[in-house]
Amino acid sequence: MNDTSNGEEMWVIRSRAGDRAAFEQLVRNTARGLFARFYVQTADAHRAEDLVQETLLRAWKRIESLDDPKMFRGWLNSIAQGVLIDSAKRDSRKKRGLSSKRAELQTLTDDSPGPGRSLELDEQRNEVLNVLKTLPNEYRDVLTLRYLSGADYATISKQLAISNGSLRGLLHRGMKLMREQLGIATDGAQMNTDKS
């Protein structure tokens with residue numbers, strides 16, 4: 001077991017005793033990962049942020065029920081899955097009543113690029129997100145944290161408990177898979193993998 005795991009277990013134990021500062025440390029260690037997961041699922045940064053907040057609020061309210069501190073991340077992910085399902089149910093109910101209102105609002109407030117360009121950008125974003133969803137978790141997580149949520153290498157290494165070298169390898173192989181699945185030529189074309 002590494003130092004990160006030991007530290008996280010300590011924060012969980014203290015959180016279970018009602019220590020808000022300890023729970024805030026857990027939030028700092030997990031929020032980006034949750035955001036990345038929700039963003040991949042929703043393709044909406046604001047909604048992903050709301051889902052992260054709801055997940056962390058539920059986790060705080062239920063932290064006493066977590067029996068094994070070693071299971072914190074799995075427990076948190078199960079809460080996140082429940083939040084995502086509940087959100088989808090709420091959205092489904094809202095959509096039935098808001099369809100016509102949304103169409104009216106879109107015609108009133110349209111400062112977006114032309115319809116053709118907007119459609120093209122939406123299609124590209126959806127294609128990338130759909131391919132990202134099909135990648136193995138090890139690649140999806142690092143690519144999402146790095147390129148969608150903008151986390152630096154040190155933050156990703158800490159959150160995923162991997163070395164910088166492993167992270168760079170996963171990013172490289174993950175981008176190669178993305179390019180292959182998107183049909184982008186890789187000869188000579190390299191994605192910007194800055195050295196932060």
# chains A, B, ... in the order shown; residues from 1 in each chain; ligands from 1
>>> residues_around(residues="A:Ser166", least_positions_apart="5", cutoff="12 Å", atoms="only C-alpha atoms", output="list in words")
Glu138, Tyr139, Val142, Tyr153, Ala154, Ile156, Ser157, Lys158, Leu160, Ala161, Leu171, His172, Arg173 and Gly174 of chain A
>>> closest_residue(among="A:Leu51, A:Ala88, A:Leu57, A:Val12", to="A:Leu34", atoms="only C-alpha atoms")
A:Leu51
>>> closest_residue(among="A:Gly18, A:Ile13, A:Thr30, A:Asn77", to="A:Gln159", atoms="only C-alpha atoms")
A:Thr30
>>> residues_around(residues="stretch 36-48 of chain A", least_positions_apart="4", cutoff="9 Å", atoms="only C-alpha atoms", output="list in words")
Ala31, Arg32, Val52, Gln53, Ala80, Leu84, Arg125, Asn126, Leu129, Asn130, Leu132, Lys133, Arg140, Asp141, Thr144, Leu145, Leu148 and Ser149 of chain A
